[in-house]
file protein.csv (CSV, C-alpha atoms and all ligand atoms)
chain,number,residue,atom,x,y,z
A,1,MET,CA,25.9,10.0,2.1
A,2,HIS,CA,25.7,13.8,2.7
A,3,THR,CA,23.0,16.0,1.2
A,4,GLU,CA,21.4,19.3,2.2
A,5,GLN,CA,18.8,18.5,4.9
A,6,PRO,CA,16.7,21.0,6.9
A,7,ALA,CA,17.2,21.1,10.7
A,8,THR,CA,14.6,19.2,12.7
A,9,PRO,CA,13.0,21.1,15.6
A,10,VAL,CA,13.8,20.0,19.1
A,11,HIS,CA,10.9,19.9,21.6
A,12,ALA,CA,12.2,17.8,24.4
A,13,PRO,CA,15.9,17.2,24.3
A,14,GLU,CA,15.9,15.4,27.6
A,15,ARG,CA,14.1,12.3,26.3
A,16,ARG,CA,16.2,9.1,26.6
A,17,THR,CA,17.0,7.1,23.5
A,18,THR,CA,18.0,3.5,23.2
A,19,GLY,CA,20.5,4.9,20.6
A,20,ARG,CA,20.3,2.0,18.3
A,21,ALA,CA,17.9,-0.8,17.2
A,22,THR,CA,17.5,-3.3,14.4
A,23,ALA,CA,14.2,-4.6,13.2
A,24,VAL,CA,13.0,-7.1,10.6
A,25,ALA,CA,9.8,-7.0,8.6
A,26,HIS,CA,8.2,-9.0,5.8
A,27,PRO,CA,6.3,-7.8,2.7
A,28,ASN,CA,2.6,-8.3,2.4
A,29,ILE,CA,0.4,-8.9,-0.6
A,30,ALA,CA,-3.0,-7.3,-0.6
A,31,LEU,CA,-6.1,-9.4,-1.3
A,32,ILE,CA,-8.2,-6.3,-1.2
A,33,LYS,CA,-6.1,-3.5,-2.7
A,34,TYR,CA,-5.0,-0.1,-1.6
A,35,TRP,CA,-5.1,2.1,-4.6
A,36,GLY,CA,-5.5,5.9,-4.3
A,37,LYS,CA,-4.9,8.4,-1.5
A,38,ARG,CA,-7.2,11.1,-0.2
A,39,ASP,CA,-4.2,12.8,1.6
A,40,GLU,CA,-0.7,12.4,0.1
A,41,ASP,CA,1.1,14.0,3.0
A,42,LEU,CA,-0.6,11.9,5.8
A,43,VAL,CA,-0.8,8.9,3.4
A,44,LEU,CA,-4.5,8.4,4.0
A,45,PRO,CA,-6.0,5.9,1.5
A,46,ARG,CA,-9.3,6.2,-0.3
A,47,VAL,CA,-10.3,2.6,0.5
A,48,ASP,CA,-9.7,0.0,3.2
A,49,SER,CA,-7.4,-2.8,2.2
A,50,LEU,CA,-6.6,-6.3,3.5
A,51,SER,CA,-3.4,-8.3,3.0
A,52,MET,CA,-1.4,-11.4,3.9
A,53,THR,CA,2.1,-10.9,5.3
A,54,LEU,CA,4.6,-13.2,3.7
A,55,ASP,CA,7.2,-15.5,5.3
A,56,ILE,CA,9.8,-14.7,2.6
A,57,PHE,CA,11.7,-11.6,1.5
A,58,PRO,CA,12.5,-10.1,4.9
A,59,THR,CA,14.0,-6.6,5.2
A,60,THR,CA,16.4,-6.0,8.1
A,61,THR,CA,17.1,-2.4,9.0
A,62,GLY,CA,19.4,-1.0,11.6
A,63,VAL,CA,19.1,2.6,12.9
A,64,ARG,CA,21.8,4.2,15.1
A,65,VAL,CA,21.2,7.7,16.5
A,66,ALA,CA,24.4,9.6,15.6
A,67,PRO,CA,24.8,12.8,17.7
A,68,GLU,CA,28.1,13.6,15.9
A,69,ALA,CA,26.5,13.5,12.4
A,70,GLU,CA,25.4,16.5,10.4
A,71,HIS,CA,23.3,14.5,8.0
A,72,ASP,CA,21.5,11.2,7.9
A,73,ALA,CA,23.6,8.4,6.3
A,74,VAL,CA,21.4,5.8,4.6
A,75,THR,CA,22.6,2.7,2.9
A,76,LEU,CA,20.2,0.3,1.1
A,77,GLY,CA,21.8,-3.0,0.3
A,78,GLY,CA,25.2,-1.6,1.1
A,79,ARG,CA,24.9,1.3,-1.3
A,80,PRO,CA,24.3,4.9,-0.3
A,81,ALA,CA,20.7,5.9,-0.9
A,82,GLU,CA,20.1,8.9,-3.1
A,83,GLY,CA,17.4,10.9,-4.8
A,84,ASP,CA,13.8,9.9,-4.0
A,85,ALA,CA,14.7,6.9,-1.9
A,86,LEU,CA,16.9,9.0,0.4
A,87,ARG,CA,14.4,11.8,0.6
A,88,ARG,CA,11.6,9.4,1.7
A,89,VAL,CA,13.8,7.9,4.4
A,90,VAL,CA,15.0,11.3,5.7
A,91,ASP,CA,11.4,12.7,5.7
A,92,PHE,CA,10.4,9.6,7.7
A,93,LEU,CA,13.2,10.1,10.2
A,94,ASP,CA,12.2,13.7,10.5
A,95,LEU,CA,8.7,12.6,11.6
A,96,VAL,CA,10.3,10.2,14.2
A,97,ARG,CA,12.6,13.0,15.4
A,98,GLU,CA,9.8,15.5,15.8
A,99,ARG,CA,7.8,13.0,17.9
A,100,ALA,CA,10.8,12.1,20.0
A,101,GLY,CA,11.9,15.7,20.4
A,102,ILE,CA,15.4,14.7,19.4
A,103,ALA,CA,17.2,16.4,16.5
A,104,HIS,CA,20.1,14.0,16.1
A,105,ARG,CA,20.7,12.5,12.7
A,106,ALA,CA,20.9,8.8,12.2
A,107,VAL,CA,22.9,6.1,10.4
A,108,VAL,CA,20.5,3.7,8.7
A,109,GLU,CA,21.5,0.4,7.1
A,110,SER,CA,18.8,-1.6,5.3
A,111,GLU,CA,19.1,-5.0,3.6
A,112,ASN,CA,16.3,-6.1,1.4
A,113,THR,CA,16.0,-9.6,0.1
A,114,VAL,CA,13.3,-8.7,-2.4
A,115,PRO,CA,13.9,-6.9,-5.7
A,116,THR,CA,13.2,-3.2,-5.0
A,117,GLY,CA,10.4,-1.4,-6.9
A,118,ALA,CA,9.2,-4.4,-8.9
A,119,GLY,CA,5.7,-4.6,-7.4
A,120,LEU,CA,6.9,-7.2,-4.8
A,121,ALA,CA,6.1,-5.0,-1.9
A,122,SER,CA,9.6,-3.9,-1.0
A,123,SER,CA,8.4,-0.6,0.4
A,124,ALA,CA,6.0,-2.4,2.8
A,125,SER,CA,8.7,-4.4,4.5
A,126,GLY,CA,11.2,-1.6,4.1
A,127,PHE,CA,9.2,1.1,6.0
A,128,ALA,CA,7.7,-1.4,8.5
A,129,ALA,CA,11.3,-2.4,9.5
A,130,LEU,CA,12.5,1.3,9.5
A,131,ALA,CA,9.5,2.4,11.6
A,132,ALA,CA,10.2,-0.3,14.2
A,133,ALA,CA,13.9,0.3,14.3
A,134,ALA,CA,13.8,4.1,14.3
A,135,ALA,CA,11.0,4.3,16.9
A,136,ALA,CA,13.1,2.1,19.3
A,137,ALA,CA,16.4,3.9,18.5
A,138,TYR,CA,14.8,7.3,19.2
A,139,GLY,CA,13.0,6.1,22.3
A,140,LEU,CA,9.4,6.3,21.1
A,141,ASP,CA,7.1,4.1,23.2
A,142,LEU,CA,4.7,2.8,20.6
A,143,ASP,CA,2.2,0.0,20.7
A,144,ALA,CA,1.5,-2.0,17.5
A,145,THR,CA,-1.3,0.3,16.5
A,146,ASP,CA,0.9,3.4,16.9
A,147,LEU,CA,3.6,1.7,15.0
A,148,SER,CA,1.2,0.8,12.2
A,149,ARG,CA,0.2,4.5,11.9
A,150,LEU,CA,3.8,5.6,11.9
A,151,ALA,CA,4.8,3.0,9.2
A,152,ARG,CA,1.9,4.2,7.1
A,153,ARG,CA,3.5,7.7,6.8
A,154,GLY,CA,6.5,6.0,5.1
A,155,SER,CA,4.5,3.9,2.7
A,156,GLY,CA,0.8,3.1,3.0
A,157,SER,CA,1.2,-0.7,2.6
A,158,ALA,CA,3.9,-0.7,5.4
A,159,SER,CA,1.1,-0.2,7.9
A,160,ARG,CA,-0.1,-3.7,7.2
A,161,SER,CA,3.4,-5.3,7.5
A,162,VAL,CA,3.5,-4.4,11.2
A,163,PHE,CA,1.2,-7.4,11.7
A,164,GLY,CA,1.7,-11.0,10.8
A,165,GLY,CA,-0.9,-13.2,9.0
A,166,PHE,CA,-3.9,-11.3,7.6
A,167,ALA,CA,-4.2,-7.5,8.3
A,168,LEU,CA,-6.8,-4.9,7.5
A,169,TRP,CA,-5.8,-1.3,7.0
A,170,HIS,CA,-8.6,1.1,7.9
A,171,ALA,CA,-8.9,4.1,5.6
A,172,GLY,CA,-10.6,6.0,8.4
A,173,PRO,CA,-13.6,8.3,8.0
A,174,GLU,CA,-13.5,10.9,5.2
A,175,SER,CA,-14.8,13.8,7.2
A,176,ALA,CA,-12.4,13.7,10.1
A,177,SER,CA,-9.9,16.5,10.8
A,178,ALA,CA,-6.3,15.8,9.9
A,179,ALA,CA,-5.4,14.8,13.5
A,180,GLU,CA,-8.5,12.6,13.8
A,181,ALA,CA,-7.9,11.1,10.3
A,182,ASP,CA,-4.3,10.3,11.2
A,183,LEU,CA,-5.4,8.5,14.4
A,184,SER,CA,-8.2,6.6,12.6
A,185,SER,CA,-6.0,5.1,9.8
A,186,TYR,CA,-4.1,2.0,10.9
A,187,ALA,CA,-3.9,-1.7,10.3
A,188,GLU,CA,-5.0,-4.5,12.7
A,189,PRO,CA,-5.0,-8.3,12.5
A,190,VAL,CA,-8.0,-10.0,10.9
A,191,PRO,CA,-9.5,-13.1,12.4
A,192,THR,CA,-9.7,-16.1,10.1
A,193,GLY,CA,-11.2,-19.6,10.3
A,194,GLU,CA,-9.3,-22.7,9.3
A,195,LEU,CA,-7.2,-21.6,6.4
A,196,ASP,CA,-3.9,-23.1,5.2
A,197,PRO,CA,-3.0,-20.7,2.4
A,198,ALA,CA,0.0,-20.3,0.2
A,199,LEU,CA,1.0,-17.8,-2.5
A,200,VAL,CA,2.9,-19.1,-5.5
A,201,ILE,CA,4.7,-16.0,-6.9
A,202,ALA,CA,5.5,-15.9,-10.6
A,203,VAL,CA,8.3,-13.4,-11.0
A,204,VAL,CA,8.1,-12.7,-14.7
A,205,ASN,CA,10.1,-9.4,-14.4
A,206,ALA,CA,12.1,-8.4,-11.4
A,207,GLY,CA,13.2,-5.1,-12.8
A,208,PRO,CA,12.0,-1.7,-11.4
A,209,LYS,CA,8.6,-0.5,-12.7
A,210,ALA,CA,8.4,2.3,-15.2
A,211,VAL,CA,5.8,4.3,-13.2
A,212,SER,CA,6.0,4.4,-9.3
A,213,SER,CA,2.9,3.2,-7.6
A,214,ARG,CA,2.6,6.6,-5.9
A,215,ALA,CA,2.5,8.4,-9.2
A,216,ALA,CA,0.3,5.7,-10.8
A,217,MET,CA,-2.3,5.8,-8.1
A,218,ARG,CA,-2.4,9.7,-8.2
A,219,ARG,CA,-3.0,9.6,-12.0
A,220,THR,CA,-5.7,6.9,-11.6
A,221,VAL,CA,-7.6,8.9,-9.0
A,222,ASP,CA,-7.3,12.1,-10.9
A,223,THR,CA,-8.2,10.8,-14.4
A,224,SER,CA,-9.8,7.3,-14.5
A,225,PRO,CA,-13.6,7.2,-14.9
A,226,LEU,CA,-13.5,3.7,-13.5
A,227,TYR,CA,-11.9,4.7,-10.2
A,228,GLU,CA,-15.0,5.7,-8.2
A,229,PRO,CA,-17.0,2.6,-9.2
A,230,TRP,CA,-14.1,0.4,-8.2
A,231,ALA,CA,-13.7,2.1,-4.9
A,232,VAL,CA,-17.3,1.5,-4.1
A,233,SER,CA,-17.2,-2.2,-5.2
A,234,SER,CA,-13.9,-2.6,-3.2
A,235,GLY,CA,-15.8,-1.8,0.0
A,236,GLN,CA,-18.3,-4.6,-0.8
A,237,ASP,CA,-15.4,-6.9,-1.7
A,238,LEU,CA,-13.9,-6.2,1.8
A,239,THR,CA,-17.1,-7.1,3.6
A,240,GLU,CA,-17.3,-10.4,1.7
A,241,MET,CA,-13.6,-11.1,2.1
A,242,ARG,CA,-13.9,-10.8,5.9
A,243,ALA,CA,-16.7,-13.3,5.9
A,244,ALA,CA,-14.8,-15.7,3.6
A,245,LEU,CA,-11.7,-15.5,5.8
A,246,LEU,CA,-13.7,-16.2,8.9
A,247,ALA,CA,-15.4,-19.1,7.2
A,248,GLY,CA,-12.0,-20.5,6.0
A,249,ASP,CA,-13.5,-20.6,2.5
A,250,ILE,CA,-10.4,-20.4,0.2
A,251,GLU,CA,-12.5,-20.5,-3.0
A,252,ALA,CA,-14.4,-17.4,-1.9
A,253,VAL,CA,-11.2,-15.7,-0.6
A,254,GLY,CA,-9.6,-16.3,-4.0
A,255,GLU,CA,-12.5,-15.3,-6.1
A,256,ILE,CA,-12.9,-12.0,-4.3
A,257,ALA,CA,-9.2,-11.3,-4.3
A,258,GLU,CA,-8.9,-11.9,-8.1
A,259,ARG,CA,-11.8,-9.8,-9.0
A,260,ASN,CA,-10.6,-7.0,-6.7
A,261,ALA,CA,-7.2,-7.0,-8.3
A,262,LEU,CA,-8.5,-7.1,-11.9
A,263,GLY,CA,-10.8,-4.2,-11.1
A,264,MET,CA,-7.9,-2.2,-9.7
A,265,HIS,CA,-5.9,-2.8,-12.9
A,266,ALA,CA,-9.0,-1.9,-15.0
A,267,THR,CA,-9.0,1.5,-13.2
A,268,MET,CA,-5.4,2.0,-14.2
A,269,LEU,CA,-6.0,1.0,-17.8
A,270,ALA,CA,-8.7,3.6,-18.0
A,271,ALA,CA,-6.5,6.4,-16.6
A,272,ARG,CA,-5.3,9.1,-19.0
A,273,PRO,CA,-2.7,8.3,-20.1
A,274,ALA,CA,-3.2,4.6,-19.2
A,275,VAL,CA,-1.0,2.9,-16.6
A,276,ARG,CA,-0.4,-0.7,-17.7
A,277,TYR,CA,1.7,-2.9,-15.4
A,278,LEU,CA,0.4,-6.2,-16.9
A,279,SER,CA,2.6,-7.7,-19.6
A,280,PRO,CA,2.1,-10.6,-22.1
A,281,ALA,CA,3.9,-12.9,-19.6
A,282,THR,CA,1.4,-11.8,-16.9
A,283,LEU,CA,-1.5,-12.9,-19.1
A,284,THR,CA,0.2,-16.3,-19.9
A,285,VAL,CA,0.3,-17.0,-16.1
A,286,LEU,CA,-3.3,-15.9,-15.7
A,287,ASP,CA,-4.2,-18.4,-18.4
A,288,SER,CA,-2.4,-21.1,-16.5
A,289,VAL,CA,-4.4,-20.2,-13.4
A,290,LEU,CA,-7.7,-20.5,-15.3
A,291,GLN,CA,-6.6,-23.9,-16.5
A,292,LEU,CA,-5.8,-25.0,-12.9
A,293,ARG,CA,-9.4,-24.0,-12.0
A,294,ARG,CA,-10.8,-25.9,-14.9
A,295,ASP,CA,-8.8,-28.9,-13.6
A,296,GLY,CA,-10.5,-28.5,-10.2
A,297,ILE,CA,-7.7,-26.8,-8.3
A,298,ALA,CA,-8.5,-23.7,-6.2
A,299,ALA,CA,-6.0,-21.2,-7.6
A,300,TYR,CA,-6.6,-17.5,-7.9
A,301,ALA,CA,-4.4,-14.7,-9.1
A,302,THR,CA,-3.6,-11.2,-7.8
A,303,MET,CA,-1.2,-8.6,-9.3
A,304,ASP,CA,0.2,-5.4,-7.9
A,305,ALA,CA,2.1,-2.5,-9.4
A,306,GLY,CA,4.1,-4.7,-11.7
A,307,PRO,CA,3.7,-7.7,-14.1
A,308,ASN,CA,4.4,-10.4,-11.5
A,309,VAL,CA,1.5,-12.7,-10.5
A,310,LYS,CA,0.8,-14.1,-7.0
A,311,VAL,CA,-1.4,-17.2,-7.1
A,312,LEU,CA,-3.4,-18.0,-3.9
A,313,CYS,CA,-4.0,-21.6,-3.3
A,314,ARG,CA,-4.3,-24.2,-0.5
A,315,ARG,CA,-0.8,-25.1,0.9
A,316,THR,CA,-1.5,-28.7,0.0
A,317,ASP,CA,-1.9,-27.7,-3.7
A,318,THR,CA,1.4,-25.8,-3.8
A,319,ASP,CA,3.4,-28.3,-5.8
A,320,ARG,CA,0.7,-28.7,-8.4
A,321,VAL,CA,0.2,-24.9,-8.7
A,322,ALA,CA,3.9,-24.2,-8.8
A,323,GLN,CA,4.4,-26.8,-11.5
A,324,ALA,CA,1.7,-25.3,-13.7
A,325,VAL,CA,2.9,-21.7,-13.1
A,326,ARG,CA,6.5,-22.7,-13.8
A,327,ALA,CA,5.5,-24.2,-17.1
A,328,ALA,CA,3.9,-20.8,-18.0
A,329,VAL,CA,6.9,-18.7,-16.9
A,330,THR,CA,9.4,-19.1,-19.7
A,331,ASP,CA,11.7,-16.4,-18.4
A,332,GLY,CA,11.7,-15.8,-14.7
A,333,SER,CA,11.3,-17.6,-11.4
A,334,VAL,CA,8.6,-19.1,-9.2
A,335,LEU,CA,8.6,-18.8,-5.4
A,336,VAL,CA,6.3,-20.1,-2.7
A,337,ALA,CA,5.3,-18.1,0.4
A,338,GLY,CA,3.1,-18.7,3.3
A,339,PRO,CA,1.7,-16.4,6.0
A,340,GLY,CA,4.6,-14.7,7.8
A,341,PRO,CA,5.2,-12.8,11.1
A,342,GLY,CA,4.8,-9.1,11.9
A,343,ALA,CA,7.6,-6.6,12.3
A,344,ARG,CA,9.9,-7.2,15.3
A,345,LEU,CA,12.9,-5.8,16.9
A,346,LEU,CA,16.1,-7.8,16.9
A,347,HIS,CA,18.1,-5.5,19.2
A,348,GLY,CA,17.4,-2.3,21.1
A,349,ASP,CA,16.0,-2.1,24.6
A,350,GLY,CA,13.8,-5.2,24.2
A,351,ARG,CA,10.5,-3.4,24.0
B,401,LIG,C1,-1.4,-2.8,-2.1
B,401,LIG,N1,-0.1,-1.5,-3.8
B,401,LIG,O1,-2.5,-2.7,-1.5
B,401,LIG,C2,-1.4,-2.0,-3.4
B,401,LIG,C3,-1.8,-2.7,-4.6
B,401,LIG,C4,0.2,-1.7,-5.1
B,401,LIG,C5,-1.0,-2.3,-5.7
B,401,LIG,O2,0.3,-0.6,-1.8
B,401,LIG,O3,2.5,5.7,-2.1
B,401,LIG,O4,4.2,1.4,-2.1
B,401,LIG,O5,4.1,4.4,-0.6
B,401,LIG,O6,1.7,4.6,0.0
B,401,LIG,O7,2.3,1.3,-0.4
B,401,LIG,C6,1.8,0.0,-3.4
B,401,LIG,O8,1.8,1.2,-2.9
B,401,LIG,O9,2.4,3.3,-2.0
B,401,LIG,C7,0.7,-0.7,-2.9
B,401,LIG,P1,2.7,4.6,-1.1
B,401,LIG,P2,2.8,1.7,-1.7
B,401,LIG,O10,-0.5,-3.5,-1.7
call {"tool": "encode", "arguments": {"input": "protein.csv", "output": "structure tokens"}}
result
Amino acid sequence: MHTEQPATPVHAPERRTTGRATAVAHPNIALIKYWGKRDEDLVLPRVDSLSMTLDIFPTTTGVRVAPEAEHDAVTLGGRPAEGDALRRVVDFLDLVRERAGIAHRAVVESENTVPTGAGLASSASGFAALAAAAAAAYGLDLDATDLSRLARRGSGSASRSVFGGFALWHAGPESASAAEADLSSYAEPVPTGELDPALVIAVVNAGPKAVSSRAAMRRTVDTSPLYEPWAVSSGQDLTEMRAALLAGDIEAVGEIAERNALGMHATMLAARPAVRYLSPATLTVLDSVLQLRRDGIAAYATMDAGPNVKVLCRRTDTDRVAQAVRAAVTDGSVLVAGPGPGARLLHGDGR
């Protein structure tokens, strides 16, 4: 795929590269949501967020530094990337090149196992895998915190997919300079007590969303009178969520996650014009979750930038929850995920 791309400055052409690397990363689902940026260029969020990395839907991405190439060649699922998707990858590679001091273009091949742009966190696994592979291919020596900061620049939620299990992404302090703010916003693993969670995922619509989450969160911050109150209450939710995770209290974890997600969707519904990702099928699944709770099952829902519902429950209740959700999903599919691993290199120089 050849498009016009600006030249990248070369600062230190001597640096050695591994030349190529392949990385795999998994999506994550936020229990405390990231919604709203305070700096679009640096991808600095307004609020802290906390997620569970999944053990399904991996993205595998290979990066080869190509000294002979004039342009980056990017394929997503075997098809040449174009438009916005290509620009985001090229912009991200430019960042890596600038840090590495290497101007060479790259060949990027990425395989996603999750529907792209359907609110199933494909950009989280995608940019976490790209960050890990590109950093290794261009010879950047990054620890996990550095890698999380770098992945954040591609897509905010990707900062969390660098880590397995539960991860907290720090917004960083509001008043810091750009350089300080960049350093202060990264994800890290969150300690938990005895917890054996599962997410039952009701895919009611796997199609791409009408409004990108990037555009939707911008509109929400700019126009929704409910945004600021939600941002404040989300900070309180996070404090309570950390305590609930440490205590291994799945009921509390679920209650906090559900109210945080519904609050986030309320901010969008109050945006002007409204952003509505929830569909009638979403509400039908939410009803089934309520019924599960009336029947004594700990089941709690969370929704992202799309109509699909992720139901948090004990792993031992998975069959019962999946059965109830399946009955509610007339047209779609139901999947079960557990906590998954962080991003890792498959090839490269072994770092
Ligand atoms: C989250 N979402 O915390 C929230 C909840 C969607 C709803 O992160 O603009 O693709 O690339 O930083 O990470 C989706 O937003 O947005 C998202 P960008 P991203 O998981």
call {"tool": "residues_around", "arguments": {"input": "protein.csv", "residues": "A:Val200", "least_positions_apart": "2", "cutoff": "9 Å", "atoms": "all atoms listed in the file", "output": "number ranges by chain"}}
result
A: 198, 202, 309-313, 318, 321-322, 325, 334-338
call {"tool": "residues_near_ligand", "arguments": {"input": "protein.csv", "ligand": "ligand LIG 401 (chain B)", "cutoff": "6 Å", "atoms": "only C-alpha atoms and all ligand atoms", "output": "ChimeraX atom specification"}}
result
/A:29-30,33-35,123,155-157,213-214,304-305
call {"tool": "residues_around", "arguments": {"input": "protein.csv", "residues": "A:Asp196", "least_positions_apart": "5", "cutoff": "9 Å", "atoms": "only C-alpha atoms", "output": "JSON, numbers by chain"}}
result
{"A": [248, 250, 313, 314, 315, 316, 338, 339]}
call {"tool": "closest_residue", "arguments": {"input": "protein.csv", "among": "A:Pro58, A:Gly172, A:Gly154, A:Gly19", "to": "A:Ala106", "atoms": "all atoms listed in the file"}}
result
A:Gly19
call {"tool": "closest_residue", "arguments": {"input": "protein.csv", "among": "A:Glu194, A:Asp287, A:Asp72, A:Glu258", "to": "A:Leu245", "atoms": "all atoms listed in the file"}}
result
A:Glu194
call {"tool": "closest_residue", "arguments": {"input": "protein.csv", "among": "A:Ala327, A:Ala178, A:Ala132, A:Ala206", "to": "A:Ala21", "atoms": "only C-alpha atoms"}}
result
A:Ala132
call {"tool": "atom_distance", "arguments": {"input": "protein.csv", "atom1": "atom CA of A:Ser184", "atom2": "atom CA of A:Ala135"}}
result
19.8 Å
call {"tool": "atom_distance", "arguments": {"input": "protein.csv", "atom1": "atom CA of A:Val107", "atom2": "atom CA of A:Asp141"}}
result
20.4 Å
call {"tool": "residues_around", "arguments": {"input": "protein.csv", "residues": "A:Thr75", "least_positions_apart": "4", "cutoff": "8 Å", "atoms": "only C-alpha atoms", "output": "compact mmCIF listing (two decimals) with C-alpha atoms, in the frame of the given file"}}
result
# COMPACT_ATOMS: atom_id res chain seq x y z
CA ARG A 79 24.90 1.30 -1.30
CA PRO A 80 24.30 4.90 -0.30
CA ALA A 81 20.70 5.90 -0.90
CA VAL A 108 20.50 3.70 8.70
CA GLU A 109 21.50 0.40 7.10
CA SER A 110 18.80 -1.60 5.30
call {"tool": "residues_around", "arguments": {"input": "protein.csv", "residues": "A:Tyr277", "least_positions_apart": "4", "cutoff": "10 Å", "atoms": "all atoms listed in the file", "output": "ChimeraX atom specification"}}
result
/A:119,209-211,213,216,265,268-269,282,303-308
call {"tool": "residues_around", "arguments": {"input": "protein.csv", "residues": "A:Ala243", "least_positions_apart": "2", "cutoff": "12 Å", "atoms": "all atoms listed in the file", "output": "list in words"}}
result
Val190, Pro191, Thr192, Gly193, Gln236, Asp237, Leu238, Thr239, Glu240, Met241, Leu245, Leu246, Ala247, Gly248, Asp249, Ile250, Ala252, Val253 and Ile256 of chain A
call {"tool": "atom_distance", "arguments": {"input": "protein.csv", "atom1": "atom CA of A:Ala129", "atom2": "atom CA of A:Arg160"}}
result
11.7 Å
call {"tool": "closest_residue", "arguments": {"input": "protein.csv", "among": "A:Lys37, A:Arg105, A:Arg152, A:Arg20", "to": "A:Ala137", "atoms": "only C-alpha atoms"}}
result
A:Arg20
call {"tool": "closest_residue", "arguments": {"input": "protein.csv", "among": "A:Ile32, A:Gly164, A:Arg219, A:Val65", "to": "A:Val275", "atoms": "all atoms listed in the file"}}
result
A:Arg219
call {"tool": "closest_residue", "arguments": {"input": "protein.csv", "among": "A:Ile102, A:Ala167, A:Ala324, A:Ala134", "to": "A:Gly340", "atoms": "only C-alpha atoms"}}
result
A:Ala167
call {"tool": "residues_near_point", "arguments": {"input": "protein.csv", "point": "(15.3, -6.1, 13.9)", "cutoff": "6 Å", "atoms": "all atoms listed in the file", "output": "list in words"}}
result
Thr22, Ala23, Val24, Thr60, Arg344, Leu345 and Leu346 of chain A
call {"tool": "residues_near_point", "arguments": {"input": "protein.csv", "point": "(-6.1, 4.0, 15.0)", "cutoff": "6 Å", "atoms": "all atoms listed in the file", "output": "ChimeraX atom specification"}}
result
/A:183-186
call {"tool": "write_last_selection", "arguments": {"input": "protein.csv", "atoms": "C-alpha atoms", "output": "tab-separated table (two decimals), in the frame of the given file"}}
result
chain	number	residue	atom	x	y	z
A	183	LEU	CA	-5.40	8.50	14.40
A	184	SER	CA	-8.20	6.60	12.60
A	185	SER	CA	-6.00	5.10	9.80
A	186	TYR	CA	-4.10	2.00	10.90
